[in-house]
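Chemist: Got a structure for you, my_file.cif, holding mmCIF, C-alpha atoms.
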```
data_entry
loop_
_atom_site.group_PDB
_atom_site.id
_atom_site.type_symbol
_atom_site.label_atom_id
_atom_site.label_comp_id
_atom_site.auth_asym_id
_atom_site.auth_seq_id
_atom_site.Cartn_x
_atom_site.Cartn_y
_atom_site.Cartn_z
ATOM 1 C CA MET D 948 63.339 -21.982 36.379
ATOM 2 C CA GLY D 949 63.706 -20.321 39.749
ATOM 3 C CA ASN D 950 60.805 -19.340 41.974
ATOM 4 C CA GLY D 951 62.539 -17.069 44.422
ATOM 5 C CA THR D 952 64.181 -14.147 42.711
ATOM 6 C CA SER D 953 62.309 -11.783 40.402
ATOM 7 C CA ILE D 954 64.741 -12.442 37.517
ATOM 8 C CA GLY D 955 64.256 -16.194 37.952
ATOM 9 C CA ARG D 956 60.498 -15.913 37.498
ATOM 10 C CA VAL D 957 60.725 -14.099 34.171
ATOM 11 C CA ARG D 958 63.858 -15.616 32.607
ATOM 12 C CA GLY D 959 63.039 -17.322 29.310
ATOM 13 C CA LEU D 960 59.533 -15.836 29.086
ATOM 14 C CA GLY D 961 60.410 -13.030 26.665
ATOM 15 C CA ALA D 962 59.195 -12.928 23.092
ATOM 16 C CA ALA D 963 62.603 -12.705 21.428
ATOM 17 C CA LYS D 964 64.343 -16.090 22.075
ATOM 18 C CA GLU D 965 66.514 -16.017 18.920
ATOM 19 C CA GLY D 966 66.747 -12.300 18.237
ATOM 20 C CA THR D 967 70.532 -12.041 18.307
ATOM 21 C CA HIS D 968 70.953 -14.677 15.610
ATOM 22 C CA HIS D 969 68.447 -12.907 13.340
ATOM 23 C CA TRP D 970 70.085 -9.542 14.012
ATOM 24 C CA LEU D 971 73.582 -10.833 13.169
ATOM 25 C CA LEU D 972 72.408 -12.608 9.998
ATOM 26 C CA GLN D 973 70.742 -9.360 8.907
ATOM 27 C CA ARG D 974 74.156 -7.648 9.156
ATOM 28 C CA PHE D 975 76.142 -10.448 7.513
ATOM 29 C CA THR D 976 73.772 -10.613 4.554
ATOM 30 C CA ALA D 977 73.788 -6.788 4.394
ATOM 31 C CA VAL D 978 77.568 -6.797 3.854
ATOM 32 C CA GLY D 979 77.290 -9.435 1.122
ATOM 33 C CA SER D 980 74.393 -7.682 -0.602
ATOM 34 C CA LEU D 981 76.181 -4.321 -0.416
ATOM 35 C CA LEU D 982 79.342 -5.627 -2.119
ATOM 36 C CA LEU D 983 77.482 -7.686 -4.745
ATOM 37 C CA LEU D 984 74.949 -4.988 -5.664
ATOM 38 C CA LEU D 985 77.744 -2.422 -6.027
ATOM 39 C CA TRP D 986 79.488 -4.944 -8.299
ATOM 40 C CA LEU D 987 76.267 -5.286 -10.344
ATOM 41 C CA GLY D 988 75.878 -1.498 -10.609
ATOM 42 C CA VAL D 989 79.496 -0.999 -11.737
ATOM 43 C CA SER D 990 79.174 -3.905 -14.204
ATOM 44 C CA ILE D 991 76.000 -2.459 -15.763
ATOM 45 C CA VAL D 992 77.698 0.940 -16.164
ATOM 46 C CA LEU D 993 80.809 -0.672 -17.711
ATOM 47 C CA LEU D 994 78.908 -2.832 -20.228
ATOM 48 C CA PRO D 995 79.210 -1.424 -23.786
ATOM 49 C CA ASN D 996 75.410 -1.531 -24.080
ATOM 50 C CA LEU D 997 72.480 -3.398 -22.554
ATOM 51 C CA SER D 998 71.533 -5.412 -25.661
ATOM 52 C CA TYR D 999 70.716 -9.114 -25.344
ATOM 53 C CA GLY D 1000 74.035 -10.170 -26.889
ATOM 54 C CA ALA D 1001 76.179 -7.890 -24.724
ATOM 55 C CA VAL D 1002 74.459 -8.815 -21.461
ATOM 56 C CA THR D 1003 74.387 -12.590 -22.052
ATOM 57 C CA ALA D 1004 78.021 -12.622 -23.219
ATOM 58 C CA TRP D 1005 78.979 -10.939 -19.945
ATOM 59 C CA ILE D 1006 76.732 -12.808 -17.498
ATOM 60 C CA SER D 1007 77.507 -16.284 -18.869
ATOM 61 C CA GLY D 1008 81.169 -15.968 -17.853
ATOM 62 C CA PRO D 1009 82.176 -18.026 -14.802
ATOM 63 C CA VAL D 1010 83.011 -15.101 -12.500
ATOM 64 C CA PRO D 1011 79.962 -12.892 -13.287
ATOM 65 C CA ALA D 1012 77.657 -15.942 -13.080
ATOM 66 C CA THR D 1013 79.103 -16.879 -9.675
ATOM 67 C CA ALA D 1014 78.770 -13.322 -8.385
ATOM 68 C CA MET D 1015 75.211 -13.090 -9.719
ATOM 69 C CA ALA D 1016 74.256 -16.380 -8.033
ATOM 70 C CA LEU D 1017 75.744 -15.141 -4.736
ATOM 71 C CA LEU D 1018 73.868 -11.841 -5.200
ATOM 72 C CA ILE D 1019 70.573 -13.745 -5.524
ATOM 73 C CA ILE D 1020 71.254 -15.786 -2.366
ATOM 74 C CA SER D 1021 72.455 -12.805 -0.316
ATOM 75 C CA SER D 1022 69.768 -10.330 -1.376
ATOM 76 C CA PHE D 1023 66.850 -12.775 -1.056
ATOM 77 C CA TRP D 1024 68.101 -13.871 2.368
ATOM 78 C CA HIS D 1025 68.488 -10.242 3.493
ATOM 79 C CA ALA D 1026 65.062 -9.312 2.078
ATOM 80 C CA ARG D 1027 63.430 -12.286 3.778
ATOM 81 C CA LEU D 1028 64.923 -11.315 7.165
ATOM 82 C CA GLY D 1029 63.919 -7.675 6.733
ATOM 83 C CA MET D 1030 60.352 -8.427 5.675
ATOM 84 C CA GLN D 1031 60.013 -10.758 8.670
ATOM 85 C CA VAL D 1032 60.744 -7.784 10.946
ATOM 86 C CA MET D 1033 58.111 -5.677 9.181
ATOM 87 C CA ILE D 1034 55.529 -8.490 9.431
ATOM 88 C CA GLU D 1035 56.284 -8.978 13.135
ATOM 89 C CA ASP D 1036 55.723 -5.253 13.728
ATOM 90 C CA TYR D 1037 52.443 -4.859 11.846
ATOM 91 C CA VAL D 1038 50.723 -8.281 11.597
ATOM 92 C CA HIS D 1039 49.413 -10.109 14.652
ATOM 93 C CA GLY D 1040 47.913 -13.455 15.641
ATOM 94 C CA ALA D 1041 47.113 -16.129 13.072
ATOM 95 C CA ASN D 1042 47.646 -13.698 10.181
ATOM 96 C CA ARG D 1043 51.275 -13.299 11.244
ATOM 97 C CA PHE D 1044 51.861 -17.052 10.993
ATOM 98 C CA GLY D 1045 50.291 -17.096 7.536
ATOM 99 C CA ALA D 1046 52.322 -14.086 6.409
ATOM 100 C CA ILE D 1047 55.610 -15.661 7.573
ATOM 101 C CA VAL D 1048 54.750 -18.920 5.790
ATOM 102 C CA ALA D 1049 53.968 -17.021 2.578
ATOM 103 C CA LEU D 1050 57.156 -14.962 2.936
ATOM 104 C CA ASN D 1051 59.288 -18.099 3.238
ATOM 105 C CA LEU D 1052 57.643 -19.760 0.221
ATOM 106 C CA ILE D 1053 58.003 -16.653 -1.984
ATOM 107 C CA ALA D 1054 61.596 -15.955 -0.883
ATOM 108 C CA PHE D 1055 62.760 -19.506 -1.597
ATOM 109 C CA ALA D 1056 60.801 -19.710 -4.868
ATOM 110 C CA GLY D 1057 62.187 -16.385 -6.085
ATOM 111 C CA ALA D 1058 65.768 -17.250 -5.172
ATOM 112 C CA ALA D 1059 65.479 -20.685 -6.812
ATOM 113 C CA PHE D 1060 64.087 -19.126 -10.012
ATOM 114 C CA GLY D 1061 66.938 -16.613 -10.108
ATOM 115 C CA LEU D 1062 69.567 -19.312 -9.596
ATOM 116 C CA ILE D 1063 68.065 -21.540 -12.310
ATOM 117 C CA CYS D 1064 68.108 -18.599 -14.751
ATOM 118 C CA ILE D 1065 71.792 -17.921 -13.998
ATOM 119 C CA ILE D 1066 72.735 -21.602 -14.322
ATOM 120 C CA ARG D 1067 70.913 -21.798 -17.662
ATOM 121 C CA LEU D 1068 72.786 -18.735 -18.928
ATOM 122 C CA ALA D 1069 76.139 -19.969 -17.590
ATOM 123 C CA LEU D 1070 75.769 -23.438 -19.110
ATOM 124 C CA GLY D 1071 74.629 -22.108 -22.485
ATOM 125 C CA GLY D 1072 71.043 -23.358 -22.425
ATOM 126 C CA ALA D 1073 69.572 -20.070 -23.612
ATOM 127 C CA MET H 1478 47.747 -16.551 23.481
ATOM 128 C CA ALA H 1479 50.420 -13.907 23.398
ATOM 129 C CA GLN H 1480 47.797 -11.186 23.747
ATOM 130 C CA ALA H 1481 45.923 -12.667 26.722
ATOM 131 C CA GLY H 1482 45.545 -10.067 29.429
ATOM 132 C CA THR H 1483 47.394 -7.387 27.497
ATOM 133 C CA SER H 1484 44.468 -5.604 25.824
ATOM 134 C CA ASN H 1485 44.030 -3.011 28.592
ATOM 135 C CA ARG H 1486 47.652 -2.045 28.818
ATOM 136 C CA PRO H 1487 48.543 1.510 27.804
ATOM 137 C CA LEU H 1488 50.200 1.892 24.392
ATOM 138 C CA SER H 1489 53.479 3.721 24.022
ATOM 139 C CA PRO H 1490 53.180 7.043 22.156
ATOM 140 C CA HIS H 1491 53.392 6.598 18.388
ATOM 141 C CA LEU H 1492 54.598 8.820 15.528
ATOM 142 C CA GLN H 1493 52.024 11.597 15.800
ATOM 143 C CA ILE H 1494 53.026 12.618 19.332
ATOM 144 C CA TRP H 1495 56.726 13.260 18.709
ATOM 145 C CA LYS H 1496 58.299 16.367 17.244
ATOM 146 C CA TRP H 1497 59.601 15.383 13.803
ATOM 147 C CA GLY H 1498 63.348 15.180 13.293
ATOM 148 C CA PRO H 1499 65.679 13.892 10.570
ATOM 149 C CA HIS H 1500 66.450 10.690 12.528
ATOM 150 C CA MET H 1501 62.764 9.703 12.255
ATOM 151 C CA VAL H 1502 62.722 10.384 8.516
ATOM 152 C CA VAL H 1503 65.889 8.352 7.874
ATOM 153 C CA SER H 1504 64.566 5.427 9.925
ATOM 154 C CA ILE H 1505 61.192 5.376 8.170
ATOM 155 C CA LEU H 1506 62.866 5.741 4.745
ATOM 156 C CA HIS H 1507 65.161 2.814 5.608
ATOM 157 C CA ARG H 1508 62.168 0.558 6.246
ATOM 158 C CA VAL H 1509 60.145 1.793 3.277
ATOM 159 C CA THR H 1510 63.017 1.505 0.775
ATOM 160 C CA GLY H 1511 64.118 -1.866 2.184
ATOM 161 C CA ASN H 1512 60.708 -3.445 1.853
ATOM 162 C CA GLY H 1513 60.171 -1.694 -1.469
ATOM 163 C CA LEU H 1514 63.387 -3.250 -2.770
ATOM 164 C CA ALA H 1515 62.393 -6.659 -1.377
ATOM 165 C CA VAL H 1516 59.137 -6.584 -3.344
ATOM 166 C CA GLY H 1517 59.727 -4.371 -6.402
ATOM 167 C CA GLY H 1518 63.504 -4.514 -6.786
ATOM 168 C CA LEU H 1519 63.815 -8.278 -6.569
ATOM 169 C CA ALA H 1520 60.773 -8.747 -8.843
ATOM 170 C CA VAL H 1521 62.385 -6.620 -11.577
ATOM 171 C CA LEU H 1522 65.736 -8.385 -11.037
ATOM 172 C CA LEU H 1523 64.028 -11.776 -11.528
ATOM 173 C CA TRP H 1524 62.181 -10.508 -14.613
ATOM 174 C CA TRP H 1525 65.495 -9.316 -16.082
ATOM 175 C CA LEU H 1526 67.246 -12.644 -15.368
ATOM 176 C CA GLY H 1527 64.219 -14.629 -16.536
ATOM 177 C CA ALA H 1528 64.096 -12.669 -19.798
ATOM 178 C CA LEU H 1529 67.841 -13.192 -20.357
ATOM 179 C CA ALA H 1530 67.495 -16.929 -19.722
ATOM 180 C CA SER H 1531 64.409 -17.218 -21.961
ATOM 181 C CA GLY H 1532 65.977 -15.749 -25.105
ATOM 182 C CA PRO H 1533 66.108 -12.634 -27.303
ATOM 183 C CA GLU H 1534 62.326 -12.273 -27.749
ATOM 184 C CA ALA H 1535 61.618 -12.267 -24.002
ATOM 185 C CA TYR H 1536 64.503 -9.834 -23.502
ATOM 186 C CA ALA H 1537 63.113 -7.537 -26.196
ATOM 187 C CA THR H 1538 59.782 -7.455 -24.318
ATOM 188 C CA PHE H 1539 61.594 -6.620 -21.088
ATOM 189 C CA SER H 1540 63.666 -3.873 -22.769
ATOM 190 C CA GLU H 1541 60.551 -2.389 -24.363
ATOM 191 C CA HIS H 1542 58.878 -1.968 -20.957
ATOM 192 C CA ALA H 1543 62.109 -0.988 -19.171
ATOM 193 C CA SER H 1544 62.892 1.815 -21.634
ATOM 194 C CA ALA H 1545 59.311 3.175 -21.715
ATOM 195 C CA TRP H 1546 58.586 6.179 -19.483
ATOM 196 C CA TYR H 1547 56.875 4.096 -16.783
ATOM 197 C CA GLY H 1548 59.735 1.586 -16.865
ATOM 198 C CA MET H 1549 62.266 4.368 -16.378
ATOM 199 C CA VAL H 1550 60.232 5.687 -13.436
ATOM 200 C CA VAL H 1551 60.341 2.228 -11.839
ATOM 201 C CA LEU H 1552 64.075 1.726 -12.545
ATOM 202 C CA VAL H 1553 65.044 5.163 -11.238
ATOM 203 C CA GLY H 1554 62.849 4.486 -8.202
ATOM 204 C CA ILE H 1555 64.518 1.135 -7.547
ATOM 205 C CA SER H 1556 68.014 2.606 -7.918
ATOM 206 C CA TRP H 1557 67.114 5.458 -5.543
ATOM 207 C CA ALA H 1558 65.641 2.970 -3.047
ATOM 208 C CA PHE H 1559 68.880 0.958 -3.208
ATOM 209 C CA PHE H 1560 71.253 3.904 -2.753
ATOM 210 C CA ASN H 1561 69.072 5.382 0.005
ATOM 211 C CA HIS H 1562 68.872 2.021 1.791
ATOM 212 C CA MET H 1563 72.633 1.591 1.327
ATOM 213 C CA ALA H 1564 73.426 5.010 2.843
ATOM 214 C CA SER H 1565 71.124 4.536 5.837
ATOM 215 C CA GLY H 1566 72.322 0.922 6.154
ATOM 216 C CA ILE H 1567 75.940 2.094 6.448
ATOM 217 C CA ARG H 1568 74.683 4.586 9.057
ATOM 218 C CA HIS H 1569 73.227 1.567 10.896
ATOM 219 C CA PHE H 1570 76.626 -0.180 10.828
ATOM 220 C CA VAL H 1571 78.190 2.891 12.466
ATOM 221 C CA LEU H 1572 75.437 3.027 15.102
ATOM 222 C CA ASP H 1573 75.875 -0.738 15.680
ATOM 223 C CA ILE H 1574 79.456 -0.236 16.869
ATOM 224 C CA GLY H 1575 78.178 2.339 19.366
ATOM 225 C CA ALA H 1576 79.285 5.484 17.538
ATOM 226 C CA GLY H 1577 77.301 8.465 16.305
ATOM 227 C CA TYR H 1578 74.762 8.814 19.121
ATOM 228 C CA GLU H 1579 75.774 12.344 20.123
ATOM 229 C CA LEU H 1580 72.873 14.679 19.294
ATOM 230 C CA GLY H 1581 74.781 16.784 16.777
ATOM 231 C CA ALA H 1582 76.480 13.867 15.010
ATOM 232 C CA ASN H 1583 73.272 11.819 14.894
ATOM 233 C CA ARG H 1584 71.352 14.731 13.392
ATOM 234 C CA LEU H 1585 74.103 15.470 10.853
ATOM 235 C CA TRP H 1586 74.295 11.891 9.505
ATOM 236 C CA SER H 1587 70.505 11.582 9.521
ATOM 237 C CA ILE H 1588 70.407 14.550 7.143
ATOM 238 C CA LEU H 1589 73.433 13.483 5.063
ATOM 239 C CA SER H 1590 72.438 9.855 4.465
ATOM 240 C CA PRO H 1591 69.262 10.498 2.376
ATOM 241 C CA LEU H 1592 71.108 13.283 0.513
ATOM 242 C CA LEU H 1593 73.921 10.834 -0.245
ATOM 243 C CA GLY H 1594 71.303 8.378 -1.547
ATOM 244 C CA VAL H 1595 69.947 10.981 -3.993
ATOM 245 C CA ALA H 1596 73.472 12.035 -5.064
ATOM 246 C CA LEU H 1597 74.562 8.426 -5.749
ATOM 247 C CA THR H 1598 71.357 7.799 -7.724
ATOM 248 C CA ALA H 1599 72.049 10.868 -9.879
ATOM 249 C CA ALA H 1600 75.696 9.813 -10.352
ATOM 250 C CA PHE H 1601 74.678 6.267 -11.364
ATOM 251 C CA TRP H 1602 72.253 7.465 -14.042
ATOM 252 C CA ALA H 1603 74.699 10.112 -15.257
ATOM 253 C CA LEU H 1604 77.325 7.387 -15.793
ATOM 254 C CA LEU H 1605 74.823 4.954 -17.323
ATOM 255 C CA LEU H 1606 73.333 7.402 -19.842
ATOM 256 C CA THR H 1607 76.635 8.887 -21.058
#
```
In structure tokens, what does this structure look like?

Modeler:
Amino acid sequence: MGNGTSIGRVRGLGAAKEGTHHWLLQRFTAVGSLLLLLWLGVSIVLLPNLSYGAVTAWISGPVPATAMALLIISSFWHARLGMQVMIEDYVHGANRFGAIVALNLIAFAGAAFGLICIIRLALGGA
Amino acid sequence: MAQAGTSNRPLSPHLQIWKWGPHMVVSILHRVTGNGLAVGGLAVLLWWLGALASGPEAYATFSEHASAWYGMVVLVGISWAFFNHMASGIRHFVLDIGAGYELGANRLWSILSPLLGVALTAAFWALLLT
């Protein structure tokens, strides 16, 4: 780190560090979530009805199950990134660390539960 | 650590000091609907998938709550939150490429994006219930 110029004294001291990566991932996961949630909305409208038999017959197919699994990954990832921004704006100090830890645990647990449900449906366990 | 020596610094003006405009509403709605979807939307999605994976009885319980009046309120709310967040999210994509910052254009799309969210919600339920 420099000690002469004013930019040299402050370079690397900012709070952001990895902001660009987070920002880009937020956009990439937004595109994925947008396409997959529109697919889910169209699929729900096109289903003959929303009975147990009709929905499981549809969702256990290879293509819907794949899309649904991708939807879980994309939307949970996007939600986790977005909630991190909210926490960083409103929660400070040690509480922020705790909130981010809890957010990560809940996001991964929720996504894993969703994926297990889809796999069970796709492989005929239910 | 991060707050050492910063407690006496002046704060930037917050919401109450600015004249309200549609760009503030669309920004606040984007955050509220996004975090609402992250908590409520994903919870209902997991309940739906969990009920499907658990069998007909669990799905019947889900359907019973989902088709009750309070369930419909929640589902309509989630669908509105999604379409609103989608419209303002697409507005964000446009702003990200550096377009739409002219005062008139920014104001126009700030007004149109929540209206588009309501219109898409109405269209979705019209298609679903017919």

Chemist: Do you have the atom CA of D:Ser1021-atom CA of H:Ser1544 distance handy?

Modeler: 27.6 Å

Chemist: Selection in question (the file shown): the PyMOL selection byres ((chain H) within 9 of (chain D)). Which residues does it include, as a PyMOL selection string?

Modeler: chain H and resi 1478-1480+1508+1511-1512+1514-1516+1519-1520+1522-1524+1526-1533+1536-1537+1540+1559+1563+1566+1570+1601-1602+1604-1606

Chemist: Return as AutoDock Vina command-line options the centre and edge lengths, in Å with one decimal, of the box along x, y and z that encloses every atom of stretch 1020-1031 of chain D in the file, padded by 8 Å per side.

Modeler:
```
--center_x 66.2 --center_y -11.7 --center_z 3.2 --size_x 28.4 --size_y 24.1 --size_z 27.0
```

Chemist: Near H:Asn1583, within 12 Å and counting only C-alpha atoms, which residues show up once chain neighbours fewer than 2 positions away are dropped, as a list in words?

Modeler: Gly1498, Pro1499, His1500, Met1501, Val1503, Ser1504, Ser1565, Arg1568, His1569, Val1571, Leu1572, Gly1575, Ala1576, Gly1577, Tyr1578, Glu1579, Leu1580, Gly1581, Leu1585, Trp1586, Ser1587, Ile1588, Leu1589 and Ser1590 of chain H

Chemist: Could you save the residues just selected, with C-alpha atoms, as a compact mmCIF listing (two decimals), in the coordinates of the input?

Modeler:
```
# COMPACT_ATOMS: atom_id res chain seq x y z
CA GLY H 1498 63.35 15.18 13.29
CA PRO H 1499 65.68 13.89 10.57
CA HIS H 1500 66.45 10.69 12.53
CA MET H 1501 62.76 9.70 12.26
CA VAL H 1503 65.89 8.35 7.87
CA SER H 1504 64.57 5.43 9.93
CA SER H 1565 71.12 4.54 5.84
CA ARG H 1568 74.68 4.59 9.06
CA HIS H 1569 73.23 1.57 10.90
CA VAL H 1571 78.19 2.89 12.47
CA LEU H 1572 75.44 3.03 15.10
CA GLY H 1575 78.18 2.34 19.37
CA ALA H 1576 79.28 5.48 17.54
CA GLY H 1577 77.30 8.46 16.30
CA TYR H 1578 74.76 8.81 19.12
CA GLU H 1579 75.77 12.34 20.12
CA LEU H 1580 72.87 14.68 19.29
CA GLY H 1581 74.78 16.78 16.78
CA LEU H 1585 74.10 15.47 10.85
CA TRP H 1586 74.30 11.89 9.51
CA SER H 1587 70.50 11.58 9.52
CA ILE H 1588 70.41 14.55 7.14
CA LEU H 1589 73.43 13.48 5.06
CA SER H 1590 72.44 9.86 4.46
```

Chemist: Can you list what the PyMOL selection byres ((chain H and resi 1551) around 12) grabs from this structure, as a PDB file with C-alpha atoms, in the coordinates of the input?

Modeler:
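Result saved to part35.pdb:
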```
ATOM      1  CA  GLY H1513      60.171  -1.694  -1.469  1.00  0.00           C
ATOM      2  CA  LEU H1514      63.387  -3.250  -2.770  1.00  0.00           C
ATOM      3  CA  GLY H1517      59.727  -4.371  -6.402  1.00  0.00           C
ATOM      4  CA  GLY H1518      63.504  -4.514  -6.786  1.00  0.00           C
ATOM      5  CA  ALA H1520      60.773  -8.747  -8.843  1.00  0.00           C
ATOM      6  CA  VAL H1521      62.385  -6.620 -11.577  1.00  0.00           C
ATOM      7  CA  LEU H1522      65.736  -8.385 -11.037  1.00  0.00           C
ATOM      8  CA  HIS H1542      58.878  -1.968 -20.957  1.00  0.00           C
ATOM      9  CA  ALA H1543      62.109  -0.988 -19.171  1.00  0.00           C
ATOM     10  CA  SER H1544      62.892   1.815 -21.634  1.00  0.00           C
ATOM     11  CA  ALA H1545      59.311   3.175 -21.715  1.00  0.00           C
ATOM     12  CA  TRP H1546      58.586   6.179 -19.483  1.00  0.00           C
ATOM     13  CA  TYR H1547      56.875   4.096 -16.783  1.00  0.00           C
ATOM     14  CA  GLY H1548      59.735   1.586 -16.865  1.00  0.00           C
ATOM     15  CA  MET H1549      62.266   4.368 -16.378  1.00  0.00           C
ATOM     16  CA  VAL H1550      60.232   5.687 -13.436  1.00  0.00           C
ATOM     17  CA  LEU H1552      64.075   1.726 -12.545  1.00  0.00           C
ATOM     18  CA  VAL H1553      65.044   5.163 -11.238  1.00  0.00           C
ATOM     19  CA  GLY H1554      62.849   4.486  -8.202  1.00  0.00           C
ATOM     20  CA  ILE H1555      64.518   1.135  -7.547  1.00  0.00           C
ATOM     21  CA  SER H1556      68.014   2.606  -7.918  1.00  0.00           C
ATOM     22  CA  TRP H1557      67.114   5.458  -5.543  1.00  0.00           C
ATOM     23  CA  ALA H1558      65.641   2.970  -3.047  1.00  0.00           C
TER      24      ALA H1558
END
```

Chemist: Atom CA of H:Pro1591 and atom CA of H:Ala1564 are how many Å apart?

Modeler: 6.9 Å

Chemist: Tell me, in Å to one decimal, how far atom CA of D:Asn1042 is from atom CA of D:Phe975.

Modeler: 28.8 Å

Chemist: Within 7 Å of D:Leu983, counting all atoms listed in the file, which residues show up once you throw out same-chain ones fewer than 4 positions away? Write them as a list of chain:residue names, please.

Modeler: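 Surrounding residues, per the criterion: D:Gly979, D:Leu987, D:Ala1014, D:Leu1018.
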